[in-house]
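A short worksheet on the structure shown next.
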4 protein chains.
Amino acid sequence: VATLDATELQAILSAAFPDGDVPVVEEVSGSTVVVSQPISARHERPGGTVSGPIMMMLADTTAWMAILAQVGPVLLAVTTSLHIDFLRKPDMADLVARGTVLKLGRKLAVVDVSIYSRGRGDVLAKAQVTYALPSSHAGDAS
Amino acid sequence: VATLDATELQAILSAAFPDGDVPVVEEVSGSTVVVSQPISARHERPGGTVSGPIMMMLADTTAWMAILAQVGPVLLAVTTSLHIDFLRKPDMADLVARGTVLKLGRKLAVVDVSIYSRGRGDVLAKAQVTYALPSSHAGDAS
Amino acid sequence: VATLDATELQAILSAAFPDGDVPVVEEVSGSTVVVSQPISARHERPGGTVSGPIMMMLADTTAWMAILAQVGPVLLAVTTSLHIDFLRKPDMADLVARGTVLKLGRKLAVVDVSIYSRGRGDVLAKAQVTYALPSSHAGDAS
Amino acid sequence: VATLDATELQAILSAAFPDGDVPVVEEVSGSTVVVSQPISARHERPGGTVSGPIMMMLADTTAWMAILAQVGPVLLAVTTSLHIDFLRKPDMADLVARGTVLKLGRKLAVVDVSIYSRGRGDVLAKAQVTYALPSSHAGDAS
C-alpha cells in the first residue's frame with residue numbers, strides 16, 4: 001500500500017518545478033504510479049517528434065514519485081543511475097509514464113519505467129532508475 | 001505470433017552450449033519466452049547464493065531466445081548492450097527468466113528480462129538487453 | 001581526424017536549441033569533444049546543486065557532437081540508449097563534458113562521456129551513450 | 001594509494017573461483033587495476049570469437065578487484081548494477097581488463113572497466129559497474 005496519494009505527490013512535484021512545465025501525477029496504485037508530461041510546441045524537435053531529454057527527465061521524475069509514494073516525503077532521495085532505451089519515435093502528443101518499484105531497500109530503490117504517447121499502446125522508451133535513500137528511512141533489509 | 005516454438009529454440013540453444021549447463025526453454029507465448037537455468041552446487045557462492053554472472057548469462061540467453069522466437073533462426077544476432085540491476089540475493093534454487101521483446105526493428109531488438117527463483121514472486125534481477133540484427137532479416141522499419 | 005571543427009559543430013547545436021540555453025562546443029581533438037553547459041540560477045535544485053536532468057541532457061548532446069565531429073552533419077542520428085551513473089553532487093558551477101567516441105560502426109556509434117564542474121578534477125557523472133546512424137553514412141564495418 | 005597489492009588480490013580471487021578458470025590480477029596502480037582472463041578453446045563461439053558472458057564476468061570481477069584494492073578485503077561487497085556495451089568482436093586471444101574506481105562512497109562504489117584483447121589497442125567492451133558496500137567500511141561521505 002502506498003503512503004502518499006496522487007494529490008500529495010503532486011504538491012511535492014509542483015514545489016520542485018517552480019518554473020512551470022510540471023508533470024502531472026495521475027494515479028497511484030500499489031507500487032505503481034502514472035505520471036504524464038504535457039507536450040507543447042517548444043518540446044518539438046525536427047521531424048515532429050518530442051526531444052529525448054524530456055523523456056529522460058520524465059523517467060527520472062516518475063521513478064522519484066514511485067519511491068515517495070512508498071516511503072513518504074523523503075526529499076533527499078537522489079538518482080544514482082539511470083538507464084534508458086529509446087524504442088520508437090514519439091508523436092507530438094502528451095507523454096504518459098508508468099513507474100513500478102522493483103526494489104525498496106534500506107539504501108537503494110530501483111524503479112522500472114515505461115513511457116508511452118497518450119492513448120497509444122507501444123512503449124516509446126523503457127528505463128531502469130536507481131535512487132539512493134537517506135539512512136533515516138525505514139525500508140526492507142538491504 | 002512467434003516464428004519458432006520452444007522445441008525449435010531449445011535445439012538452437014543446446015547446439016550453442018555444447019559443454020553442458022544448457023538453459024531450458026520452457027515456454028513461448030506471444031512476444032514473451034520463459035527460460036530457466038538449473039542451479040547446482042558449483043554455481044554456489046559464499047553465503048548460499050548463486051553467482052551474479054550466471055544471472056547475466058541467463059539474461060543474455062533469454063533475450064536471444066525471445067528475439068529468435070520472433071525472427072527465426074538468425075544465428076548472427078549479437079548482443080550490443082546489456083544493463084542489469086541486481087535486486088535481491090537469490091536462494092540456491094533454479095532461476096527462471098521471462099523475456100519480452102520491447103522493440104523489433106530492422107537493425108536492433110530490445111528485450112526486457114526479469115529473473116526469479118523458481119516458485120518465488122520477487123524479481124531477483126531486471127535487465128534490458130539490446131541485440132544487433134544482421135541486415136538480411138525483415139523486421140519493422142528502424 | 002575530425003570532419004567538423006568546433007565552430008561548425010556549434011552552428012549545428014545552436015540551430016537545434018533555438019530557445020536559448022545552448023551548450024558550448026569548446027574543443028574538438030581526435031575522437032574527443034569538450035562541450036560545456038552554462039549554469040544559471042534556474043538550474044538550481046534545493047541544496048545548491050544543479051539538476052540531474054541537465055547532466056543527462058549534456059551527456060546526450062556531447063555524445064551527438066562527438067559523433068558528428070567524426071561523420072559530418074548526419075542530423076538524423078538518434079539516441080538509442082543512454083546509461084548514466086551520478087557520482088557526486090555538483091556545485092552551482094558550469095558543467096564541462098568530455099565525450100570520446102569508443103566505436104563508430106555502420107549502424108551504431110558508442111560514446112563515453114565524463115562530466116565535471118568547471119575547474120574541478122572529480123568526475124560528477126559518467127555516461128555511455130549509443131546513437132543509431134542512418135544507413136547512408138560511411139563508417140567502419142559493423 | 002591502494003590498500004591491497006596484486007598478490008593479495010589474487011589470493012582473494014583464487015579462493016572465490018575454486019573450480020579453475022581464475023582471472024589473473026596483473027597490476028594495481030593508484031585507483032586502477034588490470035585483470036586478465038586466459039582464453040581457451042572452450043570459450044570459443046561460432047565465428048572464432050569469445051563469448052559475451054565471459055566479458056561480462058571479467059568486467060564484474062575487475063570492478064570487484066578495483067574496489068577491494070582500495071578498501072581492503074570487504075568480501076561482502078555485492079554487485080548492484082552492471083552496464084556493458086559490446087563494441088567489437090574479440091579475437092580468440094586472452095582478454096585484458098582495466099578497471100578504474102570512479103567513486104568510492106560509504107554505500108556505493110562505481111568502477112569504469114575497459115576490456116581489450118591482449119596486445120590490441122581497440123576497446124572490445126566498456127562497462128560501468130556499481131557495488132554496494134557493507135555499512136562497516138569507511139569510505140568518503142556518501
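Labels used: A, B, ... for chains in the order of the C-alpha cells, numbers from 1 for residues in each chain, and numbers from 1 for ligands as shown.
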message: Need the shell around region 69-73 of chain C: protein/DNA/RNA residues with any atom at most 12 Å away, counting only C-alpha atoms. Skip same-chain ones fewer than 2 positions apart. Format as a ChimeraX atom specification?
response: /C:1-13,25,27-34,62-67,75-77,99-106,108-109,111,133-134,136-140
Keeping only C-alpha atoms, write those residues as a compact mmCIF listing (two decimals), in the first residue's frame.
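Full text of result-v8.txt as output:
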# COMPACT_ATOMS: atom_id res chain seq x y z
CA VAL C 1 40.93 13.09 -37.54
CA ALA C 2 37.73 15.01 -37.15
CA THR C 3 35.50 16.04 -40.05
CA LEU C 4 33.88 19.05 -38.38
CA ASP C 5 35.58 21.61 -36.15
CA ALA C 6 34.21 23.31 -33.04
CA THR C 7 32.77 26.26 -34.99
CA GLU C 8 30.89 24.00 -37.40
CA LEU C 9 29.56 21.87 -34.55
CA GLN C 10 28.47 24.98 -32.65
CA ALA C 11 26.43 26.12 -35.65
CA ILE C 12 24.57 22.78 -35.73
CA LEU C 13 23.99 22.87 -31.99
CA VAL C 25 31.39 23.34 -28.11
CA GLU C 27 37.15 21.82 -28.33
CA VAL C 28 37.47 19.01 -30.86
CA SER C 29 40.56 16.87 -30.69
CA GLY C 30 40.91 13.45 -32.35
CA SER C 31 37.88 11.41 -31.31
CA THR C 32 37.14 13.64 -28.32
CA VAL C 33 35.00 16.75 -27.96
CA VAL C 34 34.58 19.07 -24.99
CA THR C 62 28.06 15.78 -26.03
CA ALA C 63 27.73 12.29 -27.49
CA TRP C 64 25.94 13.72 -30.53
CA MET C 65 28.65 16.33 -31.05
CA ALA C 66 31.40 13.70 -30.69
CA ILE C 67 29.77 11.59 -33.40
CA LEU C 75 21.48 15.22 -38.49
CA LEU C 76 19.29 12.15 -38.36
CA ALA C 77 21.43 10.28 -35.86
CA GLY C 99 32.97 12.84 -24.88
CA THR C 100 35.12 10.24 -26.64
CA VAL C 101 33.89 8.03 -29.47
CA LEU C 102 34.53 4.41 -28.47
CA LYS C 103 33.06 2.84 -31.58
CA LEU C 104 31.92 4.23 -34.88
CA GLY C 105 30.21 1.48 -36.83
CA ARG C 106 27.93 1.48 -39.82
CA LEU C 108 25.81 2.32 -34.23
CA ALA C 109 28.16 4.71 -32.51
CA VAL C 111 30.43 7.45 -26.88
CA LEU C 133 23.26 6.16 -37.62
CA PRO C 134 21.24 6.36 -40.83
CA SER C 136 23.74 6.23 -45.87
CA HIS C 137 26.67 7.20 -43.68
CA ALA C 138 30.04 5.52 -44.30
CA GLY C 139 31.65 4.15 -41.14
CA ASP C 140 33.62 1.05 -40.17
Once chain A has been least-squares superposed onto chain B, matching all their Cα atoms in order, can you return it as a short mmCIF file (atom, residue, chain, number, x, y, z; two decimals) with N, CA and C atoms, in the first residue's frame?
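Now in selection39.cif:
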data_model
loop_
_atom_site.label_atom_id
_atom_site.label_comp_id
_atom_site.auth_asym_id
_atom_site.auth_seq_id
_atom_site.Cartn_x
_atom_site.Cartn_y
_atom_site.Cartn_z
N VAL A 1 2.62 -13.17 -33.20
CA VAL A 1 2.79 -14.63 -33.14
C VAL A 1 4.25 -14.98 -33.34
N ALA A 2 4.67 -16.03 -32.66
CA ALA A 2 6.06 -16.44 -32.72
C ALA A 2 6.32 -17.27 -33.99
N THR A 3 7.58 -17.25 -34.42
CA THR A 3 8.02 -17.99 -35.60
C THR A 3 8.59 -19.35 -35.21
N LEU A 4 9.25 -19.40 -34.06
CA LEU A 4 9.82 -20.66 -33.57
C LEU A 4 9.15 -21.03 -32.26
N ASP A 5 8.97 -22.31 -32.03
CA ASP A 5 8.38 -22.74 -30.76
C ASP A 5 9.49 -23.18 -29.79
N ALA A 6 9.07 -23.59 -28.60
CA ALA A 6 10.04 -23.90 -27.55
C ALA A 6 10.99 -25.03 -27.95
N THR A 7 10.48 -26.02 -28.66
CA THR A 7 11.32 -27.15 -29.06
C THR A 7 12.39 -26.71 -30.06
N GLU A 8 11.98 -25.88 -31.00
CA GLU A 8 12.94 -25.38 -32.00
C GLU A 8 14.00 -24.49 -31.35
N LEU A 9 13.56 -23.64 -30.43
CA LEU A 9 14.51 -22.78 -29.72
C LEU A 9 15.48 -23.61 -28.89
N GLN A 10 14.95 -24.66 -28.24
CA GLN A 10 15.82 -25.50 -27.41
C GLN A 10 16.91 -26.17 -28.26
N ALA A 11 16.57 -26.57 -29.46
CA ALA A 11 17.57 -27.19 -30.33
C ALA A 11 18.70 -26.22 -30.65
N ILE A 12 18.35 -24.96 -30.93
CA ILE A 12 19.37 -23.95 -31.21
C ILE A 12 20.24 -23.73 -29.97
N LEU A 13 19.60 -23.65 -28.82
CA LEU A 13 20.31 -23.37 -27.59
C LEU A 13 21.25 -24.52 -27.21
N SER A 14 20.76 -25.73 -27.36
CA SER A 14 21.58 -26.89 -26.98
C SER A 14 22.81 -26.98 -27.88
N ALA A 15 22.65 -26.61 -29.15
CA ALA A 15 23.81 -26.62 -30.06
C ALA A 15 24.82 -25.55 -29.67
N ALA A 16 24.34 -24.45 -29.10
CA ALA A 16 25.23 -23.33 -28.77
C ALA A 16 25.93 -23.52 -27.42
N PHE A 17 25.44 -24.44 -26.60
CA PHE A 17 26.06 -24.72 -25.29
C PHE A 17 26.53 -26.17 -25.30
N PRO A 18 27.53 -26.49 -26.10
CA PRO A 18 27.88 -27.90 -26.29
C PRO A 18 28.41 -28.56 -25.02
N ASP A 19 28.94 -27.77 -24.10
CA ASP A 19 29.60 -28.41 -22.94
C ASP A 19 28.71 -28.45 -21.71
N GLY A 20 27.43 -28.64 -21.93
CA GLY A 20 26.54 -28.82 -20.79
C GLY A 20 26.10 -27.52 -20.17
N ASP A 21 25.35 -27.62 -19.07
CA ASP A 21 24.85 -26.45 -18.36
C ASP A 21 23.91 -25.64 -19.24
N VAL A 22 23.14 -26.36 -20.05
CA VAL A 22 22.27 -25.70 -21.03
C VAL A 22 21.00 -25.19 -20.35
N PRO A 23 20.65 -23.93 -20.58
CA PRO A 23 19.36 -23.44 -20.09
C PRO A 23 18.22 -24.17 -20.80
N VAL A 24 17.02 -24.08 -20.21
CA VAL A 24 15.85 -24.79 -20.72
C VAL A 24 14.81 -23.78 -21.20
N VAL A 25 14.39 -23.92 -22.47
CA VAL A 25 13.33 -23.05 -22.99
C VAL A 25 12.00 -23.66 -22.57
N GLU A 26 11.32 -22.99 -21.66
CA GLU A 26 10.12 -23.59 -21.07
C GLU A 26 8.86 -23.23 -21.82
N GLU A 27 8.83 -22.03 -22.39
CA GLU A 27 7.56 -21.55 -22.92
C GLU A 27 7.79 -20.41 -23.89
N VAL A 28 6.98 -20.38 -24.94
CA VAL A 28 6.97 -19.24 -25.87
C VAL A 28 5.52 -18.81 -25.98
N SER A 29 5.26 -17.54 -25.77
CA SER A 29 3.87 -17.07 -25.78
C SER A 29 3.86 -15.63 -26.25
N GLY A 30 3.35 -15.38 -27.46
CA GLY A 30 3.35 -14.03 -28.00
C GLY A 30 4.78 -13.54 -28.10
N SER A 31 5.10 -12.37 -27.56
CA SER A 31 6.45 -11.83 -27.65
C SER A 31 7.29 -12.17 -26.42
N THR A 32 6.82 -13.13 -25.63
CA THR A 32 7.50 -13.48 -24.38
C THR A 32 8.00 -14.92 -24.41
N VAL A 33 9.21 -15.14 -23.88
CA VAL A 33 9.70 -16.50 -23.67
C VAL A 33 10.06 -16.67 -22.20
N VAL A 34 10.00 -17.91 -21.73
CA VAL A 34 10.43 -18.25 -20.38
C VAL A 34 11.58 -19.25 -20.51
N VAL A 35 12.72 -18.91 -19.91
CA VAL A 35 13.91 -19.75 -19.99
C VAL A 35 14.41 -19.97 -18.56
N SER A 36 14.75 -21.23 -18.23
CA SER A 36 15.23 -21.48 -16.87
C SER A 36 16.66 -21.99 -16.88
N GLN A 37 17.32 -21.83 -15.75
CA GLN A 37 18.70 -22.27 -15.59
C GLN A 37 18.77 -23.18 -14.38
N PRO A 38 19.03 -24.47 -14.60
CA PRO A 38 19.20 -25.35 -13.45
C PRO A 38 20.43 -24.91 -12.64
N ILE A 39 20.28 -24.88 -11.34
CA ILE A 39 21.37 -24.44 -10.46
C ILE A 39 21.87 -25.64 -9.68
N SER A 40 23.19 -25.81 -9.71
CA SER A 40 23.78 -26.92 -8.94
C SER A 40 24.85 -26.34 -8.00
N ALA A 41 25.42 -27.22 -7.20
CA ALA A 41 26.36 -26.77 -6.16
C ALA A 41 27.49 -25.91 -6.74
N ARG A 42 27.89 -26.19 -7.98
CA ARG A 42 29.04 -25.45 -8.48
C ARG A 42 28.72 -24.00 -8.85
N HIS A 43 27.44 -23.63 -8.85
CA HIS A 43 27.08 -22.22 -9.05
C HIS A 43 27.01 -21.47 -7.73
N GLU A 44 27.26 -22.17 -6.63
CA GLU A 44 27.09 -21.55 -5.32
C GLU A 44 28.22 -20.56 -5.01
N ARG A 45 27.85 -19.50 -4.37
CA ARG A 45 28.82 -18.53 -3.87
C ARG A 45 28.71 -18.49 -2.36
N PRO A 46 29.74 -17.99 -1.68
CA PRO A 46 29.67 -17.91 -0.21
C PRO A 46 28.39 -17.21 0.23
N GLY A 47 27.75 -17.76 1.24
CA GLY A 47 26.48 -17.21 1.71
C GLY A 47 25.29 -17.96 1.14
N GLY A 48 25.53 -19.05 0.39
CA GLY A 48 24.43 -19.85 -0.12
C GLY A 48 23.63 -19.15 -1.20
N THR A 49 24.31 -18.40 -2.04
CA THR A 49 23.63 -17.67 -3.10
C THR A 49 24.24 -18.05 -4.44
N VAL A 50 23.50 -17.85 -5.53
CA VAL A 50 24.08 -18.16 -6.84
C VAL A 50 24.86 -16.94 -7.33
N SER A 51 25.81 -17.19 -8.23
CA SER A 51 26.69 -16.12 -8.68
C SER A 51 25.96 -15.12 -9.57
N GLY A 52 26.42 -13.87 -9.52
CA GLY A 52 25.85 -12.84 -10.38
C GLY A 52 26.05 -13.14 -11.86
N PRO A 53 27.26 -13.58 -12.27
CA PRO A 53 27.46 -13.84 -13.70
C PRO A 53 26.49 -14.86 -14.29
N ILE A 54 26.04 -15.82 -13.50
CA ILE A 54 25.09 -16.79 -14.07
C ILE A 54 23.76 -16.08 -14.40
N MET A 55 23.43 -15.06 -13.63
CA MET A 55 22.21 -14.30 -13.93
C MET A 55 22.41 -13.42 -15.17
N MET A 56 23.60 -12.86 -15.33
CA MET A 56 23.87 -12.06 -16.54
C MET A 56 23.81 -12.95 -17.78
N MET A 57 24.39 -14.14 -17.67
CA MET A 57 24.38 -15.07 -18.80
C MET A 57 22.94 -15.47 -19.13
N LEU A 58 22.13 -15.73 -18.11
CA LEU A 58 20.74 -16.11 -18.34
C LEU A 58 19.95 -14.97 -18.98
N ALA A 59 20.21 -13.73 -18.54
CA ALA A 59 19.52 -12.58 -19.14
C ALA A 59 19.86 -12.47 -20.62
N ASP A 60 21.14 -12.65 -20.93
CA ASP A 60 21.59 -12.56 -22.32
C ASP A 60 20.97 -13.67 -23.16
N THR A 61 20.98 -14.88 -22.64
CA THR A 61 20.42 -16.03 -23.37
C THR A 61 18.91 -15.88 -23.58
N THR A 62 18.23 -15.43 -22.55
CA THR A 62 16.78 -15.26 -22.63
C THR A 62 16.41 -14.22 -23.68
N ALA A 63 17.18 -13.13 -23.72
CA ALA A 63 16.92 -12.10 -24.73
C ALA A 63 17.12 -12.68 -26.14
N TRP A 64 18.16 -13.47 -26.30
CA TRP A 64 18.45 -14.08 -27.60
C TRP A 64 17.29 -14.99 -28.03
N MET A 65 16.82 -15.81 -27.10
CA MET A 65 15.70 -16.71 -27.40
C MET A 65 14.43 -15.92 -27.74
N ALA A 66 14.18 -14.84 -27.01
CA ALA A 66 12.97 -14.04 -27.26
C ALA A 66 13.00 -13.44 -28.67
N ILE A 67 14.20 -13.05 -29.11
CA ILE A 67 14.32 -12.47 -30.46
C ILE A 67 14.18 -13.55 -31.52
N LEU A 68 14.88 -14.67 -31.33
CA LEU A 68 14.78 -15.75 -32.33
C LEU A 68 13.36 -16.28 -32.44
N ALA A 69 12.64 -16.31 -31.33
CA ALA A 69 11.25 -16.75 -31.38
C ALA A 69 10.46 -15.91 -32.37
N GLN A 70 10.82 -14.64 -32.48
CA GLN A 70 10.10 -13.74 -33.39
C GLN A 70 10.65 -13.80 -34.82
N VAL A 71 11.98 -13.77 -34.96
CA VAL A 71 12.54 -13.57 -36.31
C VAL A 71 13.01 -14.86 -36.96
N GLY A 72 12.99 -15.97 -36.21
CA GLY A 72 13.51 -17.21 -36.77
C GLY A 72 14.99 -17.35 -36.47
N PRO A 73 15.62 -18.38 -37.03
CA PRO A 73 17.00 -18.74 -36.63
C PRO A 73 18.07 -17.81 -37.20
N VAL A 74 18.03 -16.55 -36.75
CA VAL A 74 19.04 -15.56 -37.16
C VAL A 74 20.23 -15.71 -36.22
N LEU A 75 21.10 -16.63 -36.57
CA LEU A 75 22.12 -17.02 -35.59
C LEU A 75 23.15 -15.93 -35.37
N LEU A 76 23.22 -14.99 -36.31
CA LEU A 76 24.28 -13.99 -36.21
C LEU A 76 23.87 -12.76 -35.41
N ALA A 77 22.72 -12.78 -34.80
CA ALA A 77 22.37 -11.68 -33.90
C ALA A 77 23.42 -11.61 -32.78
N VAL A 78 23.88 -10.41 -32.46
CA VAL A 78 24.90 -10.27 -31.40
C VAL A 78 24.45 -9.23 -30.38
N THR A 79 24.80 -9.48 -29.14
CA THR A 79 24.48 -8.53 -28.07
C THR A 79 25.28 -7.25 -28.29
N THR A 80 24.60 -6.11 -28.26
CA THR A 80 25.35 -4.85 -28.32
C THR A 80 25.40 -4.17 -26.96
N SER A 81 24.37 -4.35 -26.13
CA SER A 81 24.48 -3.82 -24.77
C SER A 81 23.58 -4.59 -23.82
N LEU A 82 23.97 -4.60 -22.58
CA LEU A 82 23.19 -5.26 -21.53
C LEU A 82 23.28 -4.41 -20.28
N HIS A 83 22.10 -4.11 -19.73
CA HIS A 83 22.05 -3.41 -18.45
C HIS A 83 21.29 -4.28 -17.48
N ILE A 84 21.86 -4.49 -16.31
CA ILE A 84 21.18 -5.34 -15.32
C ILE A 84 21.26 -4.71 -13.94
N ASP A 85 20.12 -4.70 -13.25
CA ASP A 85 20.08 -4.32 -11.84
C ASP A 85 19.84 -5.57 -11.02
N PHE A 86 20.73 -5.80 -10.04
CA PHE A 86 20.57 -6.92 -9.13
C PHE A 86 19.78 -6.44 -7.93
N LEU A 87 18.63 -7.08 -7.67
CA LEU A 87 17.69 -6.54 -6.70
C LEU A 87 17.68 -7.30 -5.38
N ARG A 88 17.79 -8.61 -5.45
CA ARG A 88 17.72 -9.43 -4.24
C ARG A 88 18.70 -10.59 -4.36
N LYS A 89 19.15 -11.07 -3.23
CA LYS A 89 20.05 -12.22 -3.19
C LYS A 89 19.26 -13.47 -3.51
N PRO A 90 19.64 -14.21 -4.54
CA PRO A 90 18.89 -15.42 -4.87
C PRO A 90 19.17 -16.54 -3.87
N ASP A 91 18.17 -17.39 -3.69
CA ASP A 91 18.38 -18.65 -2.98
C ASP A 91 19.12 -19.61 -3.90
N MET A 92 19.54 -20.76 -3.36
CA MET A 92 20.13 -21.81 -4.18
C MET A 92 19.01 -22.61 -4.84
N ALA A 93 18.30 -21.98 -5.75
CA ALA A 93 17.19 -22.62 -6.45
C ALA A 93 17.34 -22.31 -7.93
N ASP A 94 16.68 -23.10 -8.76
CA ASP A 94 16.75 -22.85 -10.19
C ASP A 94 16.25 -21.44 -10.50
N LEU A 95 16.87 -20.83 -11.50
CA LEU A 95 16.49 -19.49 -11.93
C LEU A 95 15.50 -19.59 -13.09
N VAL A 96 14.51 -18.71 -13.08
CA VAL A 96 13.53 -18.66 -14.16
C VAL A 96 13.50 -17.23 -14.70
N ALA A 97 13.72 -17.08 -16.01
CA ALA A 97 13.75 -15.75 -16.61
C ALA A 97 12.61 -15.60 -17.60
N ARG A 98 12.01 -14.43 -17.57
CA ARG A 98 10.93 -14.11 -18.49
C ARG A 98 11.41 -12.95 -19.35
N GLY A 99 11.48 -13.17 -20.66
CA GLY A 99 11.97 -12.12 -21.58
C GLY A 99 10.88 -11.70 -22.55
N THR A 100 10.65 -10.39 -22.65
CA THR A 100 9.63 -9.86 -23.55
C THR A 100 10.28 -8.89 -24.53
N VAL A 101 10.02 -9.10 -25.81
CA VAL A 101 10.57 -8.21 -26.84
C VAL A 101 9.85 -6.87 -26.78
N LEU A 102 10.58 -5.80 -26.53
CA LEU A 102 9.99 -4.47 -26.46
C LEU A 102 10.00 -3.80 -27.83
N LYS A 103 11.02 -4.11 -28.61
CA LYS A 103 11.15 -3.51 -29.93
C LYS A 103 11.87 -4.48 -30.83
N LEU A 104 11.34 -4.63 -32.03
CA LEU A 104 11.99 -5.47 -33.02
C LEU A 104 12.10 -4.63 -34.29
N GLY A 105 13.25 -4.00 -34.44
CA GLY A 105 13.46 -3.13 -35.59
C GLY A 105 14.26 -3.85 -36.66
N ARG A 106 14.64 -3.11 -37.70
CA ARG A 106 15.45 -3.71 -38.74
C ARG A 106 16.87 -3.96 -38.27
N LYS A 107 17.37 -3.03 -37.46
CA LYS A 107 18.77 -3.12 -37.02
C LYS A 107 18.92 -3.64 -35.60
N LEU A 108 17.97 -3.27 -34.76
CA LEU A 108 18.11 -3.53 -33.33
C LEU A 108 16.86 -4.17 -32.76
N ALA A 109 17.06 -5.02 -31.77
CA ALA A 109 15.95 -5.54 -30.98
C ALA A 109 16.28 -5.31 -29.51
N VAL A 110 15.26 -4.92 -28.74
CA VAL A 110 15.44 -4.65 -27.32
C VAL A 110 14.49 -5.56 -26.54
N VAL A 111 15.04 -6.23 -25.52
CA VAL A 111 14.28 -7.20 -24.75
C VAL A 111 14.37 -6.86 -23.26
N ASP A 112 13.23 -6.92 -22.60
CA ASP A 112 13.14 -6.73 -21.15
C ASP A 112 13.16 -8.11 -20.49
N VAL A 113 14.04 -8.31 -19.52
CA VAL A 113 14.16 -9.63 -18.89
C VAL A 113 14.04 -9.51 -17.36
N SER A 114 13.15 -10.30 -16.78
CA SER A 114 13.03 -10.39 -15.31
C SER A 114 13.45 -11.78 -14.87
N ILE A 115 14.26 -11.85 -13.83
CA ILE A 115 14.74 -13.15 -13.34
C ILE A 115 14.21 -13.39 -11.93
N TYR A 116 13.71 -14.61 -11.72
CA TYR A 116 13.11 -15.04 -10.46
C TYR A 116 13.81 -16.32 -10.00
N SER A 117 13.64 -16.66 -8.71
CA SER A 117 13.89 -18.03 -8.25
C SER A 117 12.63 -18.84 -8.52
N ARG A 118 12.80 -20.09 -8.92
CA ARG A 118 11.65 -20.95 -9.21
C ARG A 118 10.66 -20.93 -8.03
N GLY A 119 9.43 -20.59 -8.33
CA GLY A 119 8.38 -20.66 -7.33
C GLY A 119 8.26 -19.44 -6.44
N ARG A 120 9.13 -18.42 -6.69
CA ARG A 120 9.09 -17.22 -5.87
C ARG A 120 8.60 -16.04 -6.70
N GLY A 121 7.89 -15.11 -6.07
CA GLY A 121 7.32 -14.00 -6.82
C GLY A 121 8.23 -12.79 -6.98
N ASP A 122 9.21 -12.62 -6.09
CA ASP A 122 10.04 -11.42 -6.13
C ASP A 122 11.04 -11.46 -7.28
N VAL A 123 11.17 -10.33 -7.96
CA VAL A 123 12.18 -10.24 -9.02
C VAL A 123 13.57 -10.19 -8.40
N LEU A 124 14.47 -11.05 -8.86
CA LEU A 124 15.86 -11.06 -8.36
C LEU A 124 16.73 -10.08 -9.13
N ALA A 125 16.48 -10.00 -10.43
CA ALA A 125 17.31 -9.14 -11.27
C ALA A 125 16.47 -8.73 -12.47
N LYS A 126 16.77 -7.50 -12.96
CA LYS A 126 15.98 -6.96 -14.06
C LYS A 126 16.96 -6.42 -15.08
N ALA A 127 16.77 -6.83 -16.34
CA ALA A 127 17.73 -6.44 -17.37
C ALA A 127 17.03 -5.86 -18.60
N GLN A 128 17.74 -4.99 -19.31
CA GLN A 128 17.35 -4.54 -20.64
C GLN A 128 18.52 -4.87 -21.56
N VAL A 129 18.22 -5.66 -22.59
CA VAL A 129 19.28 -6.22 -23.43
C VAL A 129 19.01 -5.83 -24.89
N THR A 130 20.04 -5.35 -25.58
CA THR A 130 19.91 -4.97 -26.99
C THR A 130 20.76 -5.88 -27.87
N TYR A 131 20.17 -6.37 -28.93
CA TYR A 131 20.88 -7.16 -29.93
C TYR A 131 20.87 -6.40 -31.26
N ALA A 132 21.96 -6.51 -32.00
CA ALA A 132 22.00 -6.03 -33.38
C ALA A 132 21.63 -7.20 -34.28
N LEU A 133 20.80 -6.90 -35.28
CA LEU A 133 20.35 -7.94 -36.20
C LEU A 133 21.07 -7.76 -37.53
N PRO A 134 21.39 -8.87 -38.18
CA PRO A 134 22.05 -8.75 -39.50
C PRO A 134 21.08 -8.12 -40.50
N SER A 135 21.65 -7.52 -41.54
CA SER A 135 20.85 -6.68 -42.46
C SER A 135 19.77 -7.46 -43.18
N SER A 136 19.99 -8.75 -43.39
CA SER A 136 19.07 -9.51 -44.22
C SER A 136 17.71 -9.73 -43.58
N HIS A 137 17.65 -9.68 -42.24
CA HIS A 137 16.38 -10.00 -41.59
C HIS A 137 15.32 -8.94 -41.88
N ALA A 138 14.06 -9.34 -41.91
CA ALA A 138 12.98 -8.41 -42.21
C ALA A 138 12.18 -8.10 -40.96
N GLY A 139 12.35 -6.92 -40.38
CA GLY A 139 11.59 -6.52 -39.19
C GLY A 139 10.83 -5.24 -39.50
N ASP A 140 10.42 -4.54 -38.45
CA ASP A 140 9.75 -3.26 -38.63
C ASP A 140 10.75 -2.23 -39.15
N ALA A 141 10.23 -1.14 -39.67
CA ALA A 141 11.11 -0.03 -40.03
C ALA A 141 11.85 0.42 -38.79
N SER A 142 13.14 0.68 -38.97
CA SER A 142 14.04 1.08 -37.89
C SER A 142 14.08 0.04 -36.77
#
field: Backbone-only DSSP, strand (DSSP E) members of chain B, as a PyMOL selection string
entry: chain B and resi 24-29+32-37+44-45+49-50+78-86+95-104+108-117+125-132
- request: Would you list, as number ranges by chain, the residues of region 23-74 of chain A that end up in alpha helix (DSSP H) under DSSP run on this structure's backbone?
  value: A: 52-71
